[in-house]
file query.txt (compact mmCIF, C-alpha atoms)
# COMPACT_ATOMS: atom_id res chain seq x y z
CA MET A 7 -11.69 -10.06 13.72
CA ASN A 8 -14.10 -10.56 10.90
CA LYS A 9 -13.32 -13.08 8.15
CA LEU A 10 -16.07 -11.87 5.83
CA TYR A 11 -14.84 -8.28 6.10
CA GLN A 12 -11.35 -9.38 5.04
CA ALA A 13 -12.80 -11.41 2.16
CA LYS A 14 -14.81 -8.36 1.01
CA HIS A 15 -11.72 -6.16 1.20
CA GLU A 16 -9.75 -8.67 -0.89
CA LEU A 17 -12.58 -9.11 -3.39
CA TRP A 18 -12.86 -5.33 -3.86
CA LEU A 19 -9.13 -5.23 -4.66
CA ASP A 20 -9.35 -8.30 -6.94
CA ILE A 21 -12.06 -6.71 -9.09
CA LEU A 22 -10.55 -3.21 -8.98
CA PHE A 23 -7.12 -4.36 -10.11
CA ALA A 24 -8.64 -6.64 -12.73
CA SER A 25 -10.31 -3.52 -14.16
CA PHE A 26 -6.91 -1.81 -14.34
CA ALA A 27 -5.21 -4.83 -15.91
CA ILE A 28 -7.70 -5.34 -18.75
CA ASN A 29 -7.38 -3.03 -21.77
CA ASP A 30 -10.86 -3.45 -23.30
CA LYS A 31 -12.74 -0.27 -22.38
CA GLN A 32 -16.17 -1.85 -21.89
CA ILE A 33 -14.92 -4.74 -19.72
CA LYS A 34 -12.74 -2.30 -17.78
CA ARG A 35 -15.72 -0.04 -17.11
CA ASP A 36 -17.99 -2.91 -16.04
CA LEU A 37 -15.40 -4.31 -13.65
CA TYR A 38 -14.63 -0.89 -12.21
CA ASN A 39 -18.35 -0.39 -11.52
CA PHE A 40 -18.51 -3.84 -9.88
CA SER A 41 -15.52 -2.90 -7.71
CA THR A 42 -17.34 0.21 -6.46
CA ILE A 43 -20.30 -1.99 -5.51
CA GLU A 44 -17.92 -4.29 -3.61
CA PHE A 45 -16.45 -1.29 -1.81
CA ARG A 46 -19.94 -0.25 -0.71
CA HIS A 47 -20.64 -3.80 0.48
CA MET A 48 -17.46 -3.56 2.54
CA LYS A 49 -18.60 -0.26 4.04
CA TRP A 50 -22.13 -1.48 4.84
CA PHE A 51 -20.84 -4.71 6.27
CA GLY A 52 -18.25 -2.84 8.36
CA ASP A 53 -21.04 -0.66 9.81
CA LYS A 54 -23.01 -3.78 10.70
CA VAL A 55 -19.97 -5.36 12.38
CA LEU A 56 -19.49 -2.24 14.53
CA LYS A 57 -23.20 -2.05 15.34
CA ASP A 58 -23.06 -5.65 16.53
CA GLY A 59 -20.26 -4.67 18.93
CA ASP A 60 -17.57 -6.51 16.98
CA ASP A 61 -14.65 -5.01 15.07
CA TYR A 62 -12.74 -5.45 11.80
CA ASN A 63 -9.25 -4.74 10.55
CA TYR A 64 -7.51 -4.26 7.21
CA ASP A 65 -5.42 -7.46 7.29
CA ARG A 66 -4.99 -9.17 3.92
CA THR A 67 -3.38 -12.41 2.87
CA LYS A 68 -4.04 -12.50 -0.87
CA MET A 69 -1.44 -11.41 -3.40
CA LEU A 70 -2.14 -9.87 -6.80
CA HIS A 71 -2.40 -12.71 -9.31
CA LYS A 72 -0.46 -11.90 -12.42
CA ARG A 73 -2.60 -13.47 -15.13
CA GLU A 74 -1.58 -13.67 -18.75
CA SER A 75 -4.92 -13.28 -20.50
CA VAL A 76 -8.25 -11.53 -20.03
CA PHE A 77 -10.00 -14.89 -19.77
CA ASP A 78 -7.61 -16.05 -17.02
CA ILE A 79 -8.57 -12.95 -15.03
CA LEU A 80 -12.30 -13.36 -15.65
CA ARG A 81 -12.26 -17.06 -14.69
CA TYR A 82 -10.35 -16.18 -11.51
CA LEU A 83 -12.94 -13.52 -10.60
CA ILE A 84 -15.80 -16.00 -11.01
CA VAL A 85 -14.05 -18.46 -8.67
CA GLU A 86 -13.49 -15.72 -6.07
CA LEU A 87 -17.07 -14.41 -6.34
CA LYS A 88 -18.41 -17.94 -5.81
CA LYS A 89 -16.02 -18.58 -2.93
CA ILE A 90 -17.22 -15.62 -0.85
CA SER A 91 -20.84 -16.77 -0.92
CA ALA A 92 -19.94 -19.55 1.57
CA LEU A 93 -19.31 -16.85 4.20
CA TYR A 94 -22.70 -15.12 3.95
CA GLY A 95 -25.44 -15.23 6.56
CA GLU A 96 -29.15 -14.67 6.09
CA ASP A 97 -30.04 -11.05 6.72
CA ILE A 98 -31.15 -8.39 4.22
CA LEU A 99 -27.62 -7.06 3.68
CA ASN A 100 -26.32 -10.54 2.96
CA ALA A 101 -29.22 -11.09 0.54
CA ARG A 102 -28.29 -7.88 -1.28
CA MET A 103 -24.63 -8.93 -1.54
CA ILE A 104 -25.61 -12.35 -2.87
CA THR A 105 -27.88 -10.94 -5.58
CA ASP A 106 -25.26 -8.37 -6.63
CA GLU A 107 -22.64 -11.08 -6.96
CA ASP A 108 -24.97 -13.47 -8.77
CA TYR A 109 -25.39 -10.74 -11.37
CA MET A 110 -21.62 -10.13 -11.55
CA ILE A 111 -20.96 -13.86 -12.05
CA HIS A 112 -23.59 -14.03 -14.78
CA HIS A 113 -22.19 -10.94 -16.51
CA ILE A 114 -18.58 -12.15 -16.37
CA ALA A 115 -19.56 -15.63 -17.53
CA ALA A 116 -21.29 -14.06 -20.56
CA LEU A 117 -18.02 -12.27 -21.42
CA LEU A 118 -16.30 -15.65 -21.45
CA ASP A 119 -18.74 -16.88 -24.11
CA ASN A 120 -17.26 -14.52 -26.68
CA ARG A 121 -13.71 -15.45 -27.74
CA ALA A 122 -13.27 -11.91 -29.09
CA ASN A 123 -13.13 -10.67 -25.49
CA ASP A 124 -9.90 -12.57 -24.82
CA ALA A 125 -6.56 -10.79 -25.17
CA GLN A 126 -3.07 -10.83 -23.75
CA ILE A 127 -2.50 -8.94 -20.48
CA THR A 128 0.39 -6.46 -20.63
CA ALA A 129 -0.13 -4.83 -17.22
CA PHE A 130 2.56 -6.94 -15.53
CA ASN A 131 5.22 -7.17 -18.27
CA MET A 132 7.50 -4.59 -16.61
CA ALA A 133 8.12 -2.96 -20.02
CA ARG A 134 8.01 0.52 -18.45
CA LYS A 135 6.95 2.27 -21.64
CA TYR A 136 4.13 4.76 -21.39
CA ALA A 137 1.77 3.82 -24.25
CA ASP A 138 2.93 5.49 -27.47
CA LYS A 139 4.94 8.21 -25.70
CA ASN A 140 8.67 8.15 -26.09
CA LEU A 141 9.72 9.41 -22.66
CA PRO A 142 13.43 9.45 -21.78
CA GLN A 143 14.59 6.98 -19.12
CA GLU A 144 14.92 9.52 -16.28
CA GLN A 145 11.31 10.64 -16.84
CA ILE A 146 10.13 7.01 -16.89
CA ASP A 147 12.03 6.43 -13.62
CA ALA A 148 10.49 9.53 -12.00
CA LEU A 149 7.03 8.46 -13.14
CA THR A 150 7.60 4.91 -11.83
CA VAL A 151 8.54 6.10 -8.33
CA PHE A 152 5.65 8.57 -8.30
CA LEU A 153 3.10 5.91 -9.25
CA PHE A 154 4.25 3.43 -6.60
CA GLU A 155 4.38 6.15 -3.97
CA GLU A 156 1.00 7.68 -4.75
CA SER A 157 -0.99 4.53 -5.52
CA TYR A 158 -0.09 3.29 -2.02
CA LYS A 159 -0.96 6.66 -0.48
CA GLU A 160 -4.37 6.81 -2.18
CA TYR A 161 -5.19 3.25 -1.05
CA GLU A 162 -4.04 4.15 2.45
CA LEU A 163 -6.18 7.31 2.46
CA ILE A 164 -9.30 5.48 1.26
CA LEU A 165 -9.00 2.97 4.08
CA VAL A 166 -7.97 5.39 6.82
CA TYR A 167 -10.79 7.82 5.98
CA ALA A 168 -13.28 4.96 5.72
CA TYR A 169 -12.16 3.67 9.13
CA MET A 170 -12.64 7.10 10.68
CA GLN A 171 -15.90 7.76 8.85
CA ALA A 172 -17.37 4.54 10.23
CA ARG A 173 -16.59 5.70 13.76
CA THR A 174 -17.52 9.39 13.73
CA THR A 175 -20.76 10.88 15.03
CA ASN A 176 -19.95 14.32 13.62
CA LEU A 177 -21.90 14.97 10.39
CA THR A 178 -19.38 17.50 9.01
CA HIS A 179 -16.57 15.03 9.57
CA PHE A 180 -18.62 12.25 7.98
CA ASN A 181 -19.17 14.34 4.84
CA VAL A 182 -15.55 15.47 4.62
CA PHE A 183 -14.38 11.86 4.92
CA GLN A 184 -16.78 10.88 2.12
CA ASP A 185 -15.45 13.62 -0.17
CA LEU A 186 -11.87 12.61 0.55
CA ILE A 187 -12.66 8.91 -0.04
CA ASP A 188 -14.31 9.73 -3.39
CA GLU A 189 -11.34 11.85 -4.45
CA SER A 190 -8.86 9.13 -3.49
CA HIS A 191 -10.83 6.52 -5.43
CA PHE A 192 -10.45 8.67 -8.53
CA HIS A 193 -6.72 9.14 -7.95
CA LEU A 194 -6.16 5.44 -7.26
CA GLN A 195 -8.00 4.61 -10.46
CA SER A 196 -5.94 7.11 -12.47
CA PHE A 197 -2.63 5.90 -11.07
CA GLY A 198 -3.59 2.21 -11.34
CA GLU A 199 -4.46 2.71 -15.02
CA MET A 200 -1.11 4.41 -15.61
CA MET A 201 0.79 1.60 -13.85
CA ALA A 202 -1.00 -0.97 -15.99
CA LYS A 203 -0.11 0.99 -19.15
CA MET A 204 3.54 0.89 -18.08
CA GLY A 205 3.46 -2.83 -17.25
CA ILE A 206 4.12 -2.27 -13.54
CA LEU A 207 0.71 -2.88 -12.02
CA ALA A 208 1.10 -3.93 -8.39
CA LEU A 209 -1.17 -4.17 -5.39
CA PRO A 210 -0.52 -1.49 -2.75
CA ARG A 211 1.03 -3.04 0.32
CA GLU A 212 -1.11 -3.98 3.32
CA LEU A 213 -1.91 -1.34 5.95
CA HIS A 214 -0.63 -1.91 9.47
CA SER A 215 -3.04 -1.03 12.28
CA MET A 216 -0.62 1.69 13.44
CA THR A 217 -1.54 3.51 10.22
CA TYR A 218 -5.33 3.44 10.48
CA ILE A 219 -6.09 3.44 14.19
CA VAL A 220 -5.94 7.18 14.83
CA LYS A 221 -5.74 8.27 18.45
CA ASP A 222 -5.19 12.00 17.93
CA ILE A 223 -7.30 13.41 15.08
CA GLU A 224 -5.70 16.86 15.26
CA LYS A 225 -2.20 15.44 14.79
CA PHE A 226 -3.53 13.13 12.10
CA VAL A 227 -4.99 16.09 10.17
CA ILE A 228 -1.85 18.20 10.58
CA ASP A 229 0.33 15.30 9.36
CA GLY A 230 -2.18 14.67 6.58
CA ILE A 231 -2.00 18.28 5.39
CA ALA A 232 1.81 18.03 5.35
CA GLU A 233 1.46 14.83 3.28
CA GLU A 234 -0.89 16.56 0.84
CA GLU A 235 1.67 19.35 0.51
CA GLY A 236 4.27 16.65 -0.21
CA ALA A 237 2.01 15.06 -2.83
CA LYS A 238 1.46 18.50 -4.44
CA GLU A 239 5.22 18.98 -4.56
CA MET A 240 5.69 15.55 -6.16
CA CYS A 241 3.05 16.36 -8.79
CA LYS A 242 4.71 19.68 -9.55
CA THR A 243 8.19 18.14 -9.75
CA LEU A 244 6.88 15.47 -12.07
CA SER A 245 4.95 17.97 -14.17
CA ASP A 246 8.15 20.05 -14.54
CA ALA A 247 10.29 17.01 -15.30
CA ILE A 248 8.03 15.36 -17.88
CA HIS A 249 8.12 16.95 -21.30
CA ASP A 250 4.75 15.77 -22.51
CA ASP A 251 1.78 18.12 -22.63
CA GLU A 252 -0.89 15.51 -21.87
CA LEU A 253 0.92 14.11 -18.81
CA LYS A 254 1.93 17.59 -17.65
CA ARG A 255 -1.69 18.73 -17.77
CA PHE A 256 -2.78 15.63 -15.84
CA PHE A 257 -0.27 16.17 -13.03
CA ASP A 258 -1.17 19.86 -12.77
CA PHE A 259 -4.84 18.82 -12.54
CA VAL A 260 -4.04 16.39 -9.69
CA ASN A 261 -1.90 19.04 -8.01
CA TYR A 262 -4.87 21.45 -7.86
CA GLN A 263 -7.10 18.70 -6.51
CA GLU A 264 -4.61 18.13 -3.69
CA SER A 265 -4.86 21.85 -2.86
CA TYR A 266 -8.57 21.49 -2.27
CA HIS A 267 -8.03 18.36 -0.17
CA ILE A 268 -6.12 20.55 2.24
CA GLU A 269 -9.13 22.86 2.53
CA LEU A 270 -11.40 19.88 3.15
CA MET A 271 -9.04 18.54 5.80
CA LYS A 272 -9.01 21.85 7.62
CA LYS A 273 -12.74 21.32 8.29
CA LEU A 274 -11.74 18.36 10.47
CA LEU A 275 -9.82 20.60 12.87
CA MET B 9 30.03 -11.87 5.15
CA TYR B 10 27.77 -9.27 3.53
CA GLU B 11 30.75 -7.73 1.69
CA ASP B 12 28.50 -7.02 -1.28
CA VAL B 13 25.63 -5.50 0.63
CA LYS B 14 23.20 -3.79 -1.77
CA MET B 15 21.52 -0.43 -1.53
CA PRO B 16 18.63 0.91 -3.62
CA GLU B 17 20.72 2.77 -6.20
CA GLY B 18 18.58 3.97 -9.08
CA MET B 19 15.66 2.19 -10.69
CA ASN B 20 17.01 -1.21 -11.76
CA PRO B 21 14.99 -4.43 -12.25
CA GLU B 22 15.90 -5.65 -8.75
CA VAL B 23 14.60 -2.44 -7.13
CA LEU B 24 11.48 -2.68 -9.28
CA GLU B 25 10.87 -6.24 -8.04
CA HIS B 26 11.10 -5.03 -4.43
CA LEU B 27 8.67 -2.21 -5.23
CA MET B 28 6.13 -4.46 -6.93
CA ALA B 29 6.24 -7.20 -4.30
CA PRO B 30 8.16 -6.25 -1.14
CA LYS B 31 9.70 -9.27 0.56
CA ASN B 32 8.83 -10.13 4.18
CA TYR B 33 6.12 -7.48 4.37
CA GLY B 34 3.47 -7.92 7.06
CA LYS B 35 3.48 -9.08 10.66
CA ILE B 36 4.21 -12.18 12.76
CA GLU B 37 1.84 -13.53 15.39
CA ASP B 38 3.59 -14.14 18.75
CA PRO B 39 7.01 -12.85 17.67
CA SER B 40 10.21 -13.02 19.73
CA GLY B 41 10.62 -9.24 19.40
CA VAL B 42 8.83 -6.19 18.01
CA GLY B 43 10.58 -2.90 17.32
CA VAL B 44 9.42 0.43 15.97
CA ALA B 45 11.40 3.36 14.62
CA MET B 46 9.23 6.46 14.66
CA ASP B 47 9.63 9.85 13.00
CA GLU B 48 7.44 11.94 15.30
CA GLN B 49 7.65 14.97 13.02
CA THR B 50 5.93 13.25 10.10
CA GLY B 51 4.20 10.30 11.79
CA GLU B 52 6.14 7.88 9.59
CA TYR B 53 7.23 4.61 11.15
CA VAL B 54 8.80 1.24 10.42
CA ILE B 55 7.82 -1.77 12.54
CA PHE B 56 9.89 -4.97 12.58
CA TYR B 57 8.79 -8.34 13.92
CA ILE B 58 11.42 -11.02 14.51
CA GLN B 59 10.98 -14.68 15.29
CA THR B 60 14.10 -16.37 16.62
CA ASP B 61 15.07 -19.92 17.44
CA GLY B 62 18.02 -19.52 19.78
CA GLU B 63 20.29 -17.11 17.94
CA ILE B 64 18.84 -17.83 14.49
CA ILE B 65 16.47 -15.30 12.92
CA GLU B 66 13.92 -17.82 11.68
CA ASP B 67 11.54 -15.23 10.35
CA LEU B 68 11.20 -11.48 10.25
CA LYS B 69 8.63 -9.13 8.80
CA PHE B 70 8.28 -5.40 8.53
CA ALA B 71 5.61 -2.83 7.75
CA THR B 72 5.73 0.91 7.19
CA ASN B 73 3.61 3.89 6.20
CA GLY B 74 6.76 5.47 4.77
CA CYS B 75 7.99 6.10 1.26
CA GLN B 76 9.10 3.62 -1.39
CA ASP B 77 12.78 3.99 -0.44
CA THR B 78 11.85 2.73 3.03
CA VAL B 79 9.96 -0.20 1.52
CA VAL B 80 12.81 -1.18 -0.81
CA VAL B 81 15.43 -1.01 1.95
CA GLY B 82 13.19 -2.96 4.34
CA SER B 83 12.60 -5.59 1.68
CA MET B 84 16.30 -5.90 0.78
CA PHE B 85 17.52 -5.89 4.38
CA SER B 86 14.97 -8.41 5.65
CA ALA B 87 15.70 -10.78 2.75
CA MET B 88 19.42 -10.52 3.54
CA VAL B 89 19.26 -11.42 7.23
CA LYS B 90 16.36 -13.89 7.27
CA GLY B 91 17.64 -17.34 8.23
CA ASP B 92 20.95 -15.99 9.48
CA ASN B 93 22.03 -15.58 13.10
CA ILE B 94 21.62 -12.38 15.12
CA GLN B 95 25.36 -11.69 15.16
CA ASN B 96 25.50 -11.74 11.36
CA GLY B 97 22.32 -9.66 11.24
CA LYS B 98 24.14 -7.00 13.23
CA LYS B 99 27.09 -7.23 10.83
CA ALA B 100 24.76 -6.71 7.86
CA LEU B 101 23.32 -3.72 9.64
CA ALA B 102 26.81 -2.25 10.19
CA LYS B 103 27.70 -2.80 6.52
CA MET B 104 24.54 -1.00 5.44
CA GLU B 105 25.27 1.89 7.79
CA LEU B 106 28.70 2.25 6.18
CA LYS B 107 27.00 2.70 2.82
CA LEU B 108 24.60 5.41 3.98
CA GLY B 109 27.00 8.11 2.83
CA GLY B 110 26.39 7.19 -0.80
CA LEU B 111 22.68 7.89 -0.57
CA THR B 112 20.64 11.09 -0.85
CA PRO B 113 19.79 12.70 2.54
CA LYS B 114 16.19 11.45 2.29
CA GLN B 115 17.24 7.89 1.41
CA ARG B 116 19.75 8.01 4.28
CA VAL B 117 17.02 8.87 6.81
CA CYS B 118 14.67 6.20 5.38
CA THR B 119 17.39 3.54 5.50
CA ASP B 120 18.31 4.55 9.02
CA MET B 121 14.68 4.19 10.08
CA VAL B 122 14.58 0.59 8.75
CA LEU B 123 17.82 -0.32 10.51
CA GLU B 124 16.73 1.32 13.79
CA ALA B 125 13.47 -0.61 13.72
CA PHE B 126 15.43 -3.86 13.36
CA VAL B 127 17.67 -2.81 16.29
CA ALA B 128 14.54 -2.00 18.31
CA SER B 129 13.14 -5.49 17.65
CA LEU B 130 16.40 -7.02 18.96
CA ILE B 131 16.23 -4.80 22.07
CA ASN B 132 12.62 -5.85 22.66
CA ARG B 133 13.64 -9.51 22.30
CA GLU B 134 16.40 -8.99 24.89
CA HIS B 135 13.98 -7.26 27.25
CA LEU B 136 11.46 -10.07 26.94
CA LEU B 137 14.17 -12.70 27.49
CA ASN B 138 15.12 -10.81 30.66
CA GLY B 139 11.56 -11.10 31.87
CA GLU B 140 10.54 -7.48 31.23
CA ASN B 141 7.00 -6.68 30.18
CA GLU B 142 7.41 -4.59 27.01
CA GLU B 143 4.88 -4.81 24.17
CA MET B 144 7.30 -3.29 21.65
CA HIS B 145 10.48 -1.26 21.80
CA ILE B 146 10.19 2.20 20.23
CA ILE B 147 13.12 4.28 19.00
CA LYS B 148 12.36 7.90 18.16
CA MET B 149 14.31 9.10 15.13
CA LYS B 150 16.59 12.08 15.60
CA GLU B 151 16.41 13.09 11.94
CA SER B 152 13.16 13.48 10.03
CA CYS B 153 12.63 12.24 6.49
CA GLU B 154 11.33 15.72 5.70
CA VAL B 155 15.04 16.51 5.33
CA GLU B 156 15.82 18.80 2.39
CA GLU B 157 17.24 16.98 -0.61
CA ASN B 158 19.83 19.73 -1.19
CA GLU B 159 21.31 19.44 2.31
call {"tool": "encode", "arguments": {"input": "query.txt", "output": "structure tokens"}}
result
Amino acid sequence: MNKLYQAKHELWLDILFASFAINDKQIKRDLYNFSTIEFRHMKWFGDKVLKDGDDYNYDRTKMLHKRESVFDILRYLIVELKKISALYGEDILNARMITDEDYMIHHIAALLDNRANDAQITAFNMARKYADKNLPQEQIDALTVFLFEESYKEYELILVYAYMQARTTNLTHFNVFQDLIDESHFHLQSFGEMMAKMGILALPRELHSMTYIVKDIEKFVIDGIAEEEGAKEMCKTLSDAIHDDELKRFFDFVNYQESYHIELMKKLL
Amino acid sequence: MYEDVKMPEGMNPEVLEHLMAPKNYGKIEDPSGVGVAMDEQTGEYVIFYIQTDGEIIEDLKFATNGCQDTVVVGSMFSAMVKGDNIQNGKKALAKMELKLGGLTPKQRVCTDMVLEAFVASLINREHLLNGENEEMHIIKMKESCEVEENE
């Protein structure tokens, strides 16, 4: 299995979760954008691996590093970005990845030149308070379980759909997978941001191959629709349980998005 | 032995730790046994890998596509029996089964799935020791975790 693919997967997660952990809006936005570039690298590189008759998997070994300051995170990202360059070859895709990452390193290094960019990281402090909202304990508990459950599910969906998209020759399926991947990226971002706000940011657990190697697409879609129904139910339960207009509106909004996912999934049948 | 076996009751700091960083999550290369508990209705599964040295469970790992209750129980159970012998592992399993009554129906099914996967890994180990050619032992769950919470 491919070492560079695993390194790309881990780098995507490193940058994505760094964007969740950091509170500064501009740095957060820049890192999130970099993470989307890394995800595309992963996709393009995966396609190349398959075209060359090889294969990849979603194994990971890295843990989420709980850093205490913005600068600790940024320094860590520079080290990881430099480390991956040792694995690159010499084709046009590799050249593209190298130039993208050179720019990222330069940009992050420039952030380190300004002491005003440093701040304490609160994303891992386990405080379980939602920003300035004074939610009762049972609502905090319900929100905690929901965020762990759904952040894993969105990560799982991104990878499972990407795995299937890379292997389909059906254009409708390809487009549906892309829509579902885009939607799950947005949900993962939303839930990751909320986890960081509550001090419980954690990396979703690794996917086992039994989860993403799909042998029966019809059963997969039927199970997937049932899971979307379950996610809708969880959103509704949470929306009913949480007495805060802003959060309520957000969970209703996600609930309606899940409804449309079901329609998209039906196109795969 | 295992008199004070713990179950995931409520959202306490210990449960939160298991959620944020599940213990013994992943897989083992060349294990002594691999077992799967499968809920065919939902497609959810738990897979256990065990590595034994004689009767000692030197290492064990699990993975699942199931819910957070499943993850927490798998994390707690695997941490409890790792390093112990198989006999005591079975005792821990029996103690946990005794406590299933105190859980919600959904938690009960999730916990059962973890324990069955561990049992399946022991069965697979036995089969391999007896010279059988079995990649993994699969136990199909009788109850689904789509069980109604008000049952």
call {"tool": "residues_around", "arguments": {"input": "query.txt", "residues": "Gly62 in chain B", "least_positions_apart": "3", "cutoff": "10 Å", "atoms": "all atoms listed in the file", "output": "PyMOL selection string"}}
result
chain B and resi 59+65-66+93-94
call {"tool": "interface_residues", "arguments": {"input": "query.txt", "of": "chain A", "to": "chain B", "cutoff": "7 Å", "atoms": "all atoms listed in the file", "output": "list in words"}}
result
Asp147, Glu155, Ala208, His214, Thr217 and Asp229 of chain A
call {"tool": "atom_distance", "arguments": {"input": "query.txt", "atom1": "CA of Leu22 in chain A", "atom2": "CA of Ala232 in chain A"}}
result
28.4 Å
call {"tool": "residues_around", "arguments": {"input": "query.txt", "residues": "range 57-68 of chain A", "least_positions_apart": "2", "cutoff": "12 Å", "atoms": "all atoms listed in the file", "output": "PDB file with C-alpha atoms, keeping the file's coordinate frame"}}
result
ATOM      1  CA  MET A   7     -11.690 -10.060  13.720  1.00  0.00           C
ATOM      2  CA  ASN A   8     -14.100 -10.560  10.900  1.00  0.00           C
ATOM      3  CA  LYS A   9     -13.320 -13.080   8.150  1.00  0.00           C
ATOM      4  CA  LEU A  10     -16.070 -11.870   5.830  1.00  0.00           C
ATOM      5  CA  TYR A  11     -14.840  -8.280   6.100  1.00  0.00           C
ATOM      6  CA  GLN A  12     -11.350  -9.380   5.040  1.00  0.00           C
ATOM      7  CA  ALA A  13     -12.800 -11.410   2.160  1.00  0.00           C
ATOM      8  CA  LYS A  14     -14.810  -8.360   1.010  1.00  0.00           C
ATOM      9  CA  HIS A  15     -11.720  -6.160   1.200  1.00  0.00           C
ATOM     10  CA  GLU A  16      -9.750  -8.670  -0.890  1.00  0.00           C
ATOM     11  CA  LEU A  17     -12.580  -9.110  -3.390  1.00  0.00           C
ATOM     12  CA  TRP A  18     -12.860  -5.330  -3.860  1.00  0.00           C
ATOM     13  CA  LEU A  19      -9.130  -5.230  -4.660  1.00  0.00           C
ATOM     14  CA  ASP A  20      -9.350  -8.300  -6.940  1.00  0.00           C
ATOM     15  CA  MET A  48     -17.460  -3.560   2.540  1.00  0.00           C
ATOM     16  CA  LYS A  49     -18.600  -0.260   4.040  1.00  0.00           C
ATOM     17  CA  TRP A  50     -22.130  -1.480   4.840  1.00  0.00           C
ATOM     18  CA  PHE A  51     -20.840  -4.710   6.270  1.00  0.00           C
ATOM     19  CA  GLY A  52     -18.250  -2.840   8.360  1.00  0.00           C
ATOM     20  CA  ASP A  53     -21.040  -0.660   9.810  1.00  0.00           C
ATOM     21  CA  LYS A  54     -23.010  -3.780  10.700  1.00  0.00           C
ATOM     22  CA  VAL A  55     -19.970  -5.360  12.380  1.00  0.00           C
ATOM     23  CA  LEU A  70      -2.140  -9.870  -6.800  1.00  0.00           C
ATOM     24  CA  HIS A  71      -2.400 -12.710  -9.310  1.00  0.00           C
ATOM     25  CA  GLU A  86     -13.490 -15.720  -6.070  1.00  0.00           C
ATOM     26  CA  TYR A 161      -5.190   3.250  -1.050  1.00  0.00           C
ATOM     27  CA  GLU A 162      -4.040   4.150   2.450  1.00  0.00           C
ATOM     28  CA  ILE A 164      -9.300   5.480   1.260  1.00  0.00           C
ATOM     29  CA  LEU A 165      -9.000   2.970   4.080  1.00  0.00           C
ATOM     30  CA  VAL A 166      -7.970   5.390   6.820  1.00  0.00           C
ATOM     31  CA  ALA A 168     -13.280   4.960   5.720  1.00  0.00           C
ATOM     32  CA  TYR A 169     -12.160   3.670   9.130  1.00  0.00           C
ATOM     33  CA  ALA A 172     -17.370   4.540  10.230  1.00  0.00           C
ATOM     34  CA  ARG A 173     -16.590   5.700  13.760  1.00  0.00           C
ATOM     35  CA  LEU A 209      -1.170  -4.170  -5.390  1.00  0.00           C
ATOM     36  CA  PRO A 210      -0.520  -1.490  -2.750  1.00  0.00           C
ATOM     37  CA  ARG A 211       1.030  -3.040   0.320  1.00  0.00           C
ATOM     38  CA  GLU A 212      -1.110  -3.980   3.320  1.00  0.00           C
ATOM     39  CA  LEU A 213      -1.910  -1.340   5.950  1.00  0.00           C
ATOM     40  CA  HIS A 214      -0.630  -1.910   9.470  1.00  0.00           C
ATOM     41  CA  SER A 215      -3.040  -1.030  12.280  1.00  0.00           C
ATOM     42  CA  MET A 216      -0.620   1.690  13.440  1.00  0.00           C
ATOM     43  CA  THR A 217      -1.540   3.510  10.220  1.00  0.00           C
ATOM     44  CA  TYR A 218      -5.330   3.440  10.480  1.00  0.00           C
ATOM     45  CA  ILE A 219      -6.090   3.440  14.190  1.00  0.00           C
TER      46      ILE A 219
ATOM     47  CA  TYR B  33       6.120  -7.480   4.370  1.00  0.00           C
ATOM     48  CA  GLY B  34       3.470  -7.920   7.060  1.00  0.00           C
ATOM     49  CA  LYS B  35       3.480  -9.080  10.660  1.00  0.00           C
ATOM     50  CA  ALA B  71       5.610  -2.830   7.750  1.00  0.00           C
TER      51      ALA B  71
END
call {"tool": "closest_residue", "arguments": {"input": "query.txt", "among": "B:Glu142, B:Asp120, B:Asp92, B:Glu63", "to": "Met104 in chain B", "atoms": "only C-alpha atoms"}}
result
B:Asp120
